[in-house]
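Colleague: Below is the file target15.tsv, which contains TSV, C-alpha atoms.
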chain	number	residue	atom	x	y	z
A	133	MET	CA	-9.19	2.49	-24.86
A	134	ARG	CA	-9.71	-0.30	-22.34
A	135	PHE	CA	-6.83	-1.22	-20.03
A	136	ARG	CA	-6.16	-4.43	-18.15
A	137	TRP	CA	-5.30	-3.83	-14.52
A	138	VAL	CA	-3.72	-6.32	-12.17
A	139	ILE	CA	-3.32	-5.84	-8.44
A	140	LEU	CA	-0.66	-6.56	-5.89
A	141	PHE	CA	-1.60	-5.95	-2.28
A	142	PHE	CA	0.28	-6.73	0.87
A	143	LEU	CA	0.35	-6.17	4.62
A	144	LEU	CA	3.45	-5.07	6.45
A	145	LEU	CA	4.20	-8.13	8.60
A	146	PRO	CA	7.06	-8.10	11.14
A	147	ALA	CA	8.37	-11.19	12.92
A	148	ALA	CA	5.57	-13.37	14.31
A	149	VAL	CA	4.54	-13.53	17.96
A	150	MET	CA	2.80	-16.82	18.64
A	151	ALA	CA	-0.56	-16.87	20.42
A	152	GLN	CA	-3.14	-19.55	20.94
A	153	GLY	CA	-6.43	-17.85	21.77
A	154	GLY	CA	-9.25	-15.47	20.95
A	155	PHE	CA	-8.46	-13.19	23.91
A	156	ILE	CA	-5.70	-10.58	23.70
A	157	THR	CA	-4.84	-8.08	26.42
A	158	GLY	CA	-1.95	-5.93	27.59
A	159	ASN	CA	-0.74	-2.45	28.48
A	160	VAL	CA	0.60	0.33	26.27
A	161	THR	CA	3.33	2.54	27.74
A	162	ASN	CA	5.80	5.20	26.69
A	163	ALA	CA	9.10	3.47	25.89
A	164	GLU	CA	11.12	6.32	27.43
A	165	THR	CA	9.11	7.41	30.49
A	166	LYS	CA	7.39	4.05	31.13
A	167	ASN	CA	4.15	5.96	31.74
A	168	ALA	CA	0.81	4.55	30.59
A	169	ILE	CA	-0.53	5.87	27.27
A	170	PRO	CA	-4.31	6.41	27.16
A	171	GLY	CA	-6.30	6.81	23.94
A	172	ALA	CA	-4.01	4.79	21.68
A	173	SER	CA	-5.73	2.86	18.87
A	174	VAL	CA	-5.16	-0.90	19.20
A	175	PHE	CA	-6.52	-3.13	16.45
A	176	LEU	CA	-6.00	-6.25	14.40
A	177	SER	CA	-5.28	-5.04	10.91
A	178	ASN	CA	-7.75	-5.92	8.17
A	179	SER	CA	-10.33	-7.05	10.74
A	180	SER	CA	-13.24	-5.66	12.75
A	181	PHE	CA	-11.42	-6.06	16.08
A	182	GLY	CA	-10.26	-2.76	17.54
A	183	THR	CA	-10.30	-0.68	20.70
A	184	SER	CA	-8.59	2.23	22.49
A	185	THR	CA	-6.43	2.07	25.58
A	186	THR	CA	-7.95	3.14	28.90
A	187	GLU	CA	-6.59	5.88	31.19
A	188	SER	CA	-4.30	3.22	32.67
A	189	GLY	CA	-3.07	2.19	29.18
A	190	LYS	CA	-4.85	-1.18	29.17
A	191	TYR	CA	-6.48	-2.75	26.13
A	192	VAL	CA	-8.61	-5.88	25.60
A	193	LEU	CA	-9.59	-7.66	22.37
A	194	ASN	CA	-11.81	-10.72	22.77
A	195	GLY	CA	-13.82	-13.12	20.63
A	196	VAL	CA	-11.15	-13.06	17.92
A	197	ARG	CA	-11.58	-15.55	15.09
A	198	PRO	CA	-8.52	-17.86	14.84
A	199	GLY	CA	-5.96	-16.89	12.24
A	200	GLN	CA	-2.90	-14.73	11.67
A	201	TYR	CA	-3.21	-10.98	12.21
A	202	THR	CA	-1.09	-7.87	12.47
A	203	LEU	CA	-1.58	-6.30	15.90
A	204	THR	CA	-1.23	-2.56	15.33
A	205	VAL	CA	-0.97	0.29	17.84
A	206	THR	CA	-0.97	3.89	16.69
A	207	LEU	CA	-1.17	7.33	18.28
A	208	LEU	CA	-0.20	10.73	16.96
A	209	GLY	CA	3.27	11.65	18.21
A	210	TYR	CA	4.49	8.04	18.47
A	211	GLU	CA	6.01	5.53	16.10
A	212	ASP	CA	3.44	2.99	14.86
A	213	TYR	CA	3.78	-0.47	16.38
A	214	ALA	CA	3.00	-3.63	14.39
A	215	SER	CA	3.57	-7.29	15.24
A	216	THR	CA	2.25	-10.47	13.67
A	217	ILE	CA	0.28	-12.76	15.99
A	218	LEU	CA	-1.24	-16.17	15.38
A	219	VAL	CA	-4.51	-16.49	17.26
A	220	GLY	CA	-5.58	-19.93	18.41
A	221	ARG	CA	-7.06	-21.27	21.67
A	222	GLU	CA	-4.94	-19.80	24.48
A	223	PRO	CA	-5.14	-16.13	25.57
A	224	LEU	CA	-2.26	-13.79	24.79
A	225	LYS	CA	-0.91	-10.99	26.98
A	226	LEU	CA	1.23	-8.55	25.08
A	227	ASP	CA	2.57	-5.35	26.64
A	228	ILE	CA	3.63	-2.70	24.14
A	229	ALA	CA	6.05	0.20	24.52
A	230	LEU	CA	5.58	2.98	21.98
A	231	LYS	CA	8.55	5.09	20.95
A	232	PRO	CA	7.99	8.85	20.73
A	233	LYS	CA	8.28	10.01	17.14
A	234	PRO	CA	10.93	12.71	16.60
A	235	LEU	CA	9.68	15.86	14.91
A	236	MET	CA	10.77	15.70	11.28
A	237	LEU	CA	10.19	18.23	8.56
A	238	LYS	CA	8.66	16.66	5.46
A	239	GLU	CA	9.44	17.59	1.92
A	240	VAL	CA	6.62	19.81	0.73
A	241	VAL	CA	5.18	19.04	-2.70
A	242	ILE	CA	3.53	22.17	-4.05
A	243	SER	CA	0.69	21.59	-6.47
A	244	SER	CA	-2.32	23.55	-7.58
A	245	ALA	CA	-5.80	22.78	-6.35
A	246	ALA	CA	-6.65	21.50	-9.83
A	247	ASP	CA	-3.67	19.11	-9.84
A	248	TRP	CA	-4.52	17.81	-6.35
A	249	LYS	CA	-8.13	17.21	-7.37
A	250	LYS	CA	-7.03	15.38	-10.54
A	251	ASN	CA	-4.62	13.19	-8.55
A	252	TYR	CA	-7.26	12.51	-5.90
A	253	GLU	CA	-9.84	11.40	-8.46
A	254	ALA	CA	-7.28	9.02	-10.01
A	255	PHE	CA	-6.41	7.69	-6.53
A	256	ARG	CA	-10.05	7.19	-5.65
A	257	LYS	CA	-10.65	5.24	-8.87
A	258	ASP	CA	-7.63	2.96	-8.38
A	259	PHE	CA	-7.92	2.50	-4.60
A	260	ILE	CA	-11.66	2.52	-3.88
A	261	GLY	CA	-12.97	1.37	-7.27
A	262	THR	CA	-15.56	2.33	-9.85
A	263	ASP	CA	-18.30	-0.29	-9.31
A	264	GLU	CA	-21.73	0.30	-7.77
A	265	ASN	CA	-20.35	-0.20	-4.26
A	266	ALA	CA	-17.67	2.43	-4.89
A	267	LYS	CA	-20.33	4.98	-5.78
A	268	ASN	CA	-21.64	4.56	-2.23
A	269	CYS	CA	-18.24	5.09	-0.58
A	270	VAL	CA	-17.63	8.47	1.07
A	271	VAL	CA	-14.10	9.57	2.00
A	272	THR	CA	-14.62	11.78	5.05
A	273	ASN	CA	-11.09	13.24	5.25
A	274	PRO	CA	-9.44	13.15	1.80
A	275	HIS	CA	-6.92	15.88	2.63
A	276	VAL	CA	-4.94	13.62	4.99
A	277	LEU	CA	-3.55	12.11	1.78
A	278	ASN	CA	-0.14	13.06	0.47
A	279	LEU	CA	-0.42	12.74	-3.32
A	280	ALA	CA	2.29	13.00	-5.97
A	281	PHE	CA	2.20	12.17	-9.68
A	282	ASN	CA	5.45	11.43	-11.55
A	283	ARG	CA	4.85	12.45	-15.16
A	284	THR	CA	8.02	10.78	-16.43
A	285	LYS	CA	7.33	7.40	-14.84
A	286	GLN	CA	3.53	7.83	-15.10
A	287	THR	CA	3.07	6.72	-11.48
A	288	LEU	CA	0.73	8.06	-8.83
A	289	GLU	CA	1.97	7.73	-5.26
A	290	ALA	CA	0.05	8.29	-2.02
A	291	ASN	CA	0.42	7.87	1.74
A	292	SER	CA	-1.06	9.25	4.94
A	293	ASP	CA	0.12	9.95	8.49
A	294	GLU	CA	-3.40	9.62	9.88
A	295	PHE	CA	-6.28	7.22	9.29
A	296	LEU	CA	-7.91	7.70	5.90
A	297	VAL	CA	-11.58	7.21	6.80
A	298	VAL	CA	-13.96	5.75	4.20
A	299	ASP	CA	-17.65	5.16	4.93
A	300	ASN	CA	-18.69	2.25	2.72
A	301	LYS	CA	-22.45	2.76	2.68
A	302	ALA	CA	-22.88	-0.21	0.33
A	303	LEU	CA	-21.47	-2.78	2.79
A	304	GLY	CA	-22.13	-0.90	6.04
A	305	TYR	CA	-18.52	-0.47	7.17
A	306	ARG	CA	-16.42	2.49	8.20
A	307	VAL	CA	-12.91	1.59	7.03
A	308	LYS	CA	-10.00	3.33	8.73
A	309	PHE	CA	-6.86	2.88	6.66
A	310	LEU	CA	-3.29	3.74	7.70
A	311	LEU	CA	-1.96	4.00	4.17
A	312	LYS	CA	1.79	3.43	4.37
A	313	ASP	CA	2.36	3.47	0.65
A	314	PHE	CA	0.31	3.33	-2.52
A	315	GLN	CA	1.51	3.27	-6.12
A	316	SER	CA	-0.46	3.10	-9.32
A	317	ASP	CA	1.82	2.41	-12.28
A	318	HIS	CA	0.05	3.63	-15.40
A	319	LEU	CA	2.63	2.08	-17.73
A	320	ALA	CA	2.78	-1.41	-16.22
A	321	ASN	CA	-0.92	-1.35	-15.27
A	322	VAL	CA	-0.13	-2.50	-11.74
A	323	ILE	CA	-1.57	-1.19	-8.48
A	324	ALA	CA	0.25	-1.93	-5.23
A	325	TYR	CA	-0.42	-0.72	-1.71
A	326	GLY	CA	0.48	-1.52	1.88
A	327	GLY	CA	-0.81	-0.50	5.27
A	328	GLU	CA	-3.13	-1.40	8.13
A	329	ARG	CA	-6.92	-1.08	8.21
A	330	LEU	CA	-9.74	-1.43	10.70
A	331	PHE	CA	-13.40	-2.14	9.91
A	332	GLU	CA	-16.15	-0.65	12.09
A	333	GLU	CA	-19.89	-1.23	11.77
A	334	LEU	CA	-21.86	1.78	10.53
A	335	PRO	CA	-25.07	2.59	12.43
A	336	GLY	CA	-28.22	1.82	10.49
A	337	SER	CA	-31.84	0.77	10.61
A	338	ALA	CA	-32.94	-2.85	10.48
A	339	ALA	CA	-33.80	-2.43	6.79
A	340	GLN	CA	-30.36	-0.96	6.05
A	341	LYS	CA	-28.59	-3.75	7.93
A	342	LYS	CA	-30.54	-6.32	5.93
A	343	LYS	CA	-29.34	-4.72	2.66
A	344	TRP	CA	-25.78	-4.54	3.97
A	345	HIS	CA	-25.89	-8.20	4.90
A	346	GLN	CA	-26.99	-9.13	1.39
A	347	LYS	CA	-24.26	-6.99	-0.17
A	348	ARG	CA	-21.63	-8.52	2.10
A	349	GLU	CA	-22.70	-12.02	1.09
A	350	GLU	CA	-22.44	-11.02	-2.58
A	351	ALA	CA	-18.94	-9.63	-1.99
A	352	TYR	CA	-17.79	-12.74	-0.12
A	353	TYR	CA	-18.98	-15.57	-2.37
A	354	GLY	CA	-16.52	-16.14	-5.20
A	355	SER	CA	-13.87	-13.87	-3.63
A	356	ALA	CA	-10.24	-14.84	-3.06
A	357	MET	CA	-11.00	-15.11	0.67
A	358	HIS	CA	-13.81	-17.58	-0.09
A	359	PHE	CA	-11.53	-19.58	-2.40
A	360	PHE	CA	-8.68	-20.00	0.10
A	361	ARG	CA	-11.05	-20.96	2.92
A	362	SER	CA	-12.63	-23.55	0.64
A	363	LEU	CA	-9.21	-24.79	-0.44
A	364	TYR	CA	-7.87	-25.77	2.98
A	365	THR	CA	-11.25	-27.16	4.16
A	366	ASN	CA	-11.51	-29.30	0.99
A	367	LYS	CA	-14.82	-27.72	-0.12
A	368	LEU	CA	-13.86	-26.34	-3.53
A	369	THR	CA	-16.32	-28.46	-5.52
A	370	GLU	CA	-19.12	-27.95	-3.01
A	371	ASP	CA	-18.53	-24.18	-3.03
A	372	GLY	CA	-18.42	-23.90	-6.83
A	373	PHE	CA	-14.69	-23.54	-7.57
A	374	VAL	CA	-12.84	-25.43	-10.31
A	375	MET	CA	-9.10	-25.07	-11.02
A	376	TYR	CA	-7.27	-25.70	-14.31
A	377	HIS	CA	-3.73	-25.28	-15.60
A	378	LEU	CA	-3.54	-22.49	-18.19
A	379	THR	CA	-0.77	-22.35	-20.78
A	380	ARG	CA	-0.15	-19.08	-22.59
A	381	GLN	CA	2.45	-17.42	-24.78
A	382	LEU	CA	3.08	-13.72	-25.29
A	383	ASN	CA	1.75	-12.27	-28.53
A	384	PRO	CA	4.82	-11.45	-30.69
A	385	ASN	CA	2.79	-8.89	-32.66
A	386	ARG	CA	2.01	-6.81	-29.58
A	387	PRO	CA	4.79	-4.64	-28.06
A	388	PRO	CA	5.13	-4.48	-24.27
A	389	GLU	CA	2.48	-2.42	-22.48
A	390	ASP	CA	4.89	0.31	-21.35
A	391	VAL	CA	6.15	0.81	-24.92
A	392	ILE	CA	2.60	1.15	-26.26
A	393	ARG	CA	1.67	3.67	-23.58
A	394	GLN	CA	4.82	5.76	-24.07
A	395	LYS	CA	4.42	5.84	-27.87
A	396	ALA	CA	0.74	6.71	-27.66
A	397	LYS	CA	1.46	9.52	-25.21
A	398	MET	CA	4.27	10.91	-27.38
A	399	PHE	CA	2.25	10.93	-30.62
A	400	TYR	CA	-0.78	12.39	-28.84
A	401	GLU	CA	1.31	15.31	-27.54
A	402	ARG	CA	2.79	15.83	-31.02
A	403	ARG	CA	-0.68	15.70	-32.61
A	404	MET	CA	0.45	12.95	-35.02
A	405	LYS	CA	-2.93	11.28	-35.57
A	406	ASP	CA	-1.89	8.46	-37.94
A	407	SER	CA	0.91	7.30	-35.62
A	408	LEU	CA	-1.36	7.61	-32.61
A	409	ASP	CA	-4.06	5.50	-34.33
A	410	TYR	CA	-1.46	2.85	-35.17
A	411	TRP	CA	-0.26	2.47	-31.58
A	412	ASN	CA	-3.80	2.57	-30.26
A	413	SER	CA	-4.66	-0.30	-32.61
A	414	LEU	CA	-1.75	-2.31	-31.19
A	415	ALA	CA	-3.16	-1.75	-27.71
A	416	THR	CA	-6.35	-3.56	-28.73
A	417	LEU	CA	-4.42	-6.74	-29.52
A	418	SER	CA	-4.49	-9.48	-26.93
A	419	LYS	CA	-1.36	-9.72	-24.79
A	420	TYR	CA	-1.31	-13.50	-25.26
A	421	TYR	CA	-1.93	-16.03	-28.00
A	422	LYS	CA	-2.12	-19.82	-28.25
A	423	GLU	CA	-3.71	-20.09	-24.82
A	424	SER	CA	-5.29	-23.35	-23.73
A	425	LEU	CA	-6.68	-25.02	-20.63
A	426	SER	CA	-5.89	-28.48	-19.41
A	427	LYS	CA	-8.98	-30.68	-19.62
A	428	ILE	CA	-8.38	-32.29	-16.25
A	429	PRO	CA	-9.20	-30.11	-13.21
A	430	VAL	CA	-6.41	-29.43	-10.75
A	431	MET	CA	-6.82	-31.21	-7.41
A	432	PRO	CA	-6.42	-29.29	-4.11
A	433	TYR	CA	-3.44	-31.39	-3.01
A	434	GLU	CA	-1.57	-30.22	-6.13
A	435	VAL	CA	-1.61	-26.55	-5.11
A	436	TYR	CA	-1.54	-26.36	-1.31
A	437	GLN	CA	-0.05	-28.04	1.73
A	438	THR	CA	0.17	-27.52	5.49
A	439	THR	CA	3.23	-25.96	7.12
A	440	ASP	CA	4.98	-26.40	10.44
A	441	LYS	CA	2.89	-23.51	11.81
A	442	SER	CA	-0.62	-24.40	12.90
A	443	GLY	CA	-3.23	-22.57	10.83
A	444	ILE	CA	-0.75	-21.46	8.13
A	445	PHE	CA	-0.82	-23.05	4.67
A	446	ALA	CA	1.40	-22.92	1.59
A	447	PHE	CA	-0.15	-22.16	-1.81
A	448	LYS	CA	2.08	-23.55	-4.59
A	449	PRO	CA	0.32	-23.67	-7.96
A	450	LEU	CA	2.08	-23.91	-11.28
A	451	ASN	CA	1.80	-20.85	-13.48
A	452	TYR	CA	-0.79	-20.07	-14.62
A	453	LEU	CA	-3.63	-21.23	-12.31
A	454	TYR	CA	-7.06	-20.68	-13.86
A	455	VAL	CA	-9.79	-20.50	-11.20
A	456	VAL	CA	-13.44	-20.71	-12.26
A	457	TYR	CA	-16.31	-19.79	-9.94
A	458	THR	CA	-19.41	-21.49	-11.32
A	459	LYS	CA	-21.99	-19.70	-9.15
A	460	LYS	CA	-21.52	-16.24	-10.66
A	461	ARG	CA	-21.47	-14.89	-14.21
A	462	ASP	CA	-19.21	-12.21	-15.67
A	463	GLU	CA	-20.54	-10.67	-18.86
A	464	VAL	CA	-17.85	-7.95	-19.16
A	465	TYR	CA	-15.43	-8.64	-22.03
A	466	ASN	CA	-11.73	-8.78	-21.16
A	467	LYS	CA	-9.47	-9.23	-24.18
A	468	ASP	CA	-6.58	-10.51	-22.05
A	469	LEU	CA	-8.62	-13.13	-20.19
A	470	TYR	CA	-8.84	-16.43	-22.05
A	471	ARG	CA	-12.23	-18.16	-22.20
A	472	PRO	CA	-12.82	-21.44	-24.06
A	473	LEU	CA	-15.69	-21.14	-26.51
A	474	ASP	CA	-17.57	-23.98	-24.84
A	475	MET	CA	-17.31	-22.51	-21.32
A	476	PRO	CA	-20.19	-20.41	-19.92
A	477	ASN	CA	-19.29	-16.89	-18.80
A	478	TYR	CA	-18.46	-17.87	-15.26
A	479	GLU	CA	-16.30	-15.61	-13.12
A	480	VAL	CA	-12.64	-16.38	-13.82
A	481	SER	CA	-9.41	-15.40	-12.07
A	482	VAL	CA	-5.85	-16.15	-13.15
A	483	VAL	CA	-3.10	-16.51	-10.53
A	484	THR	CA	0.56	-15.96	-11.46
A	485	MET	CA	3.24	-16.73	-8.88
A	486	PHE	CA	6.46	-14.82	-8.29
A	487	ASP	CA	9.71	-16.13	-6.82
A	488	PRO	CA	10.01	-18.20	-4.66
A	489	GLY	CA	6.94	-19.71	-6.30
A	490	TYR	CA	4.60	-19.99	-3.33
A	491	SER	CA	2.44	-17.87	-1.05
A	492	LEU	CA	1.38	-18.39	2.56
A	493	PHE	CA	-2.23	-17.99	3.66
A	494	ASP	CA	-4.04	-18.42	6.97
A	495	MET	CA	-7.32	-19.88	8.22
A	496	ASN	CA	-9.15	-16.66	7.40
A	497	GLY	CA	-8.32	-17.16	3.72
A	498	ILE	CA	-5.88	-14.25	3.57
A	499	ILE	CA	-2.51	-14.20	1.80
A	500	ILE	CA	0.05	-13.22	4.44
A	501	SER	CA	3.30	-13.37	2.43
A	502	GLN	CA	4.55	-13.42	-1.18
A	503	PRO	CA	1.29	-12.23	-2.78
A	504	PRO	CA	0.74	-13.52	-6.34
A	505	LEU	CA	-0.29	-11.51	-9.37
A	506	LEU	CA	-4.06	-11.57	-9.92
A	507	GLU	CA	-6.02	-11.11	-13.13
A	508	GLY	CA	-9.71	-11.32	-13.88
A	509	ALA	CA	-12.44	-11.20	-11.23
A	510	TRP	CA	-10.14	-11.04	-8.19
A	511	ALA	CA	-8.05	-8.26	-9.73
A	512	LYS	CA	-11.12	-6.03	-9.97
A	513	SER	CA	-11.61	-6.04	-6.21
A	514	ARG	CA	-11.00	-2.65	-4.56
A	515	LEU	CA	-11.66	-1.20	-1.11
A	516	SER	CA	-15.34	-0.88	-2.02
A	517	ASP	CA	-15.65	-4.70	-2.05
A	518	LEU	CA	-13.37	-5.58	0.87
A	519	LEU	CA	-14.61	-7.43	3.93
A	520	PRO	CA	-12.85	-7.81	7.28
A	521	VAL	CA	-10.84	-11.02	7.47
A	522	ASP	CA	-13.00	-12.23	10.37
A	523	TYR	CA	-16.16	-12.06	8.24
A	524	VAL	CA	-18.28	-15.21	8.52
A	525	PRO	CA	-20.98	-15.75	5.84
A	526	ASP	CA	-24.28	-17.55	6.26
A	527	VAL	CA	-24.01	-21.32	6.14
A	528	LYS	CA	-25.42	-22.50	2.82
Show me, as structure tokens, the structure contained in the file I just sent.
Modeller:
Amino acid sequence: MRFRWVILFFLLLPAAVMAQGGFITGNVTNAETKNAIPGASVFLSNSSFGTSTTESGKYVLNGVRPGQYTLTVTLLGYEDYASTILVGREPLKLDIALKPKPLMLKEVVISSAADWKKNYEAFRKDFIGTDENAKNCVVTNPHVLNLAFNRTKQTLEANSDEFLVVDNKALGYRVKFLLKDFQSDHLANVIAYGGERLFEELPGSAAQKKKWHQKREEAYYGSAMHFFRSLYTNKLTEDGFVMYHLTRQLNPNRPPEDVIRQKAKMFYERRMKDSLDYWNSLATLSKYYKESLSKIPVMPYEVYQTTDKSGIFAFKPLNYLYVVYTKKRDEVYNKDLYRPLDMPNYEVSVVTMFDPGYSLFDMNGIIISQPPLLEGAWAKSRLSDLLPVDYVPDVK
């Protein structure tokens, strides 16, 4: 049975600290003793900018691409520090005091080796992906993960106290992820996670780097990052994006997804084949019916506007926004993704907004608050396809 997955992803963003430059420096100290802290990891989350503090507690990040970032500082034995900064033209000096973390006993979840392995494989599929790039991703320290599966709610939860390290040998990055929380809801078909990550270049030969460069370009073009950068620079048409308004109604003949999954699970456990076949047949029905696209493309000014913060933009489309990328094809059938019969099999993504009906994104093309619900091509993106937010493609 084929399931439709949608993704919610978010960064943990505290109150913003304004900056105006690509140069960030400061000192990291112990909040109680005021002594310098050497060896602390200092990085801009979701980017390739990172370093460690010196013996005197100093750190320097330079050459930073303008945009909004989460400045993160972490060291075992201390509370993690995170603060949102907006990088522009002027340098920023930010001294950071880390609070020692009190020793706390965690609740121990006892599970067999077989259960842990089963949970880990499910986590890897939902978090890293199943595409060709995912097959070339190696998790170097899987046992830093705390995994728990709730059989009643059918949810898999995960987090880690240390960096989860993934070598993406398809794109040439080592991704270090501080996974604060991860949840895969098997009934609602929603994956959500939050945390901070750092991208580091993997060593490789010239031939390997050439392949990585090509793979990175493939991952970038048509992505959500590409779309939002094209949106605020008014290059959607040039870059191959077209937007339409999609109208859709729920299929009255198809029960809600969680009901279908619960019934199918119950009749499977009771070995009631006829009832199981019936509910499985309902699962094959499309979630929507009477869907249609407006014939007139949506203009950029209809869905985004500037804000009072330099480099921050508001994304305010009407539900549902249908985004077509005309420079890539998608031949994989998705029963819940509407395609007009006269439209070629271009890559398509559907964006659904939540309250308050808008999202904020920055100059790097990254959603920084109120993430929308994604379906289609963008919803299939996992860690195996992620690029640092400071990634700059070739000019074409």
Colleague: Smallest atom-to-atom distance to Asp390 of chain A: which of A:Glu222, A:Glu328, A:Glu350, A:Asp317, using only C-alpha atoms?
Modeller: A:Asp317
Colleague: Residues near Asn383 of chain A, anyone? I mean within 6 Å using all atoms listed in the file, not counting same-chain ones fewer than 5 positions away, as a count of residues only.
Modeller: 3
Colleague: Nearest to Leu506 of chain A among A:Ala356, A:Val521, A:Ile260, A:Ile169, with distances taken over all atoms listed in the file: which residue is it?
Modeller: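 Closest candidate: A:Ala356.
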Colleague: Please, which residues are within 12 Å of (-19.3, -16.4, 9.1) by the file's coordinates, counting all atoms listed in the file, and could they come as a PyMOL selection string?
Modeller: chain A and resi 197+345+348-349+352-353+357-358+361+496+519-528
Colleague: When distances are computed from all atoms listed in the file, which of A:Asp494, A:Tyr457, A:Arg380, A:Ser173 shows the smallest separation from Asn477 of chain A?
Modeller: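 Once distances to Asn477 of chain A are computed over all atoms listed in the file, the minimum belongs to A:Tyr457.
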Colleague: Can you tell me, as a PyMOL selection string, what residues are no more than 10 Å from Gln437 of chain A when counting only C-alpha atoms, ignoring any on the same chain fewer than 5 positions away?
Modeller: chain A and resi 363-364+432+444-448+492
Colleague: Could you write out that same residue set with C-alpha atoms as a PDB file, in the frame of the given file?
Modeller:
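For reference, part_13.pdb as written:
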ATOM      1  CA  LEU A 363      -9.210 -24.790  -0.440  1.00  0.00           C
ATOM      2  CA  TYR A 364      -7.870 -25.770   2.980  1.00  0.00           C
ATOM      3  CA  PRO A 432      -6.420 -29.290  -4.110  1.00  0.00           C
ATOM      4  CA  ILE A 444      -0.750 -21.460   8.130  1.00  0.00           C
ATOM      5  CA  PHE A 445      -0.820 -23.050   4.670  1.00  0.00           C
ATOM      6  CA  ALA A 446       1.400 -22.920   1.590  1.00  0.00           C
ATOM      7  CA  PHE A 447      -0.150 -22.160  -1.810  1.00  0.00           C
ATOM      8  CA  LYS A 448       2.080 -23.550  -4.590  1.00  0.00           C
ATOM      9  CA  LEU A 492       1.380 -18.390   2.560  1.00  0.00           C
TER      10      LEU A 492
END
Colleague: Which residue, A:Thr416, A:Gln346, A:Ser179, A:Gln200, has the smallest gap to Ser442 of chain A when you use all atoms listed in the file?
Modeller: A:Gln200
Colleague: Leaving out Asp313 of chain A and any residue of its chain fewer than 3 positions from it, which residues lie within 6 Å of it when counting only C-alpha atoms, given as a list in words?
Modeller: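 Final neighbour list, sorted by chain and number: Ala290, Asn291, Tyr325 and Gly326 of chain A.
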Colleague: Tell me, in Å to one decimal, how far atom CA of Ile500 of chain A is from atom CA of Phe359 of chain A.
Modeller: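 Separation of atom CA of Ile500 of chain A and atom CA of Phe359 of chain A: 14.9 Å.
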Colleague: Which residue gives the smallest distance to Val297 of chain A among A:Phe331, A:Tyr490, A:Phe360, A:Phe314, with all atoms listed in the file counted?
Modeller: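 Of the candidates, the smallest distance to Val297 of chain A is held by A:Phe331.
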Colleague: Identify which of the residues A:Pro232, A:Pro335, A:Pro274, A:Pro387 lies closest to Glu211 of chain A, counting only C-alpha atoms when measuring atom-to-atom distances.
Modeller: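 Under the stated criterion, the closest residue is A:Pro232.
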Colleague: Can you tell me how far atom CA of Val219 of chain A sits from atom CA of Arg329 of chain A, in Å to one decimal?
Modeller: 18.0 Å
Colleague: Could you state the separation of atom CA of Val374 of chain A and atom CA of Ile428 of chain A in Å, given to one decimal place?
Modeller: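 Atom-to-atom, atom CA of Val374 of chain A to atom CA of Ile428 of chain A, that is 10.1 Å.
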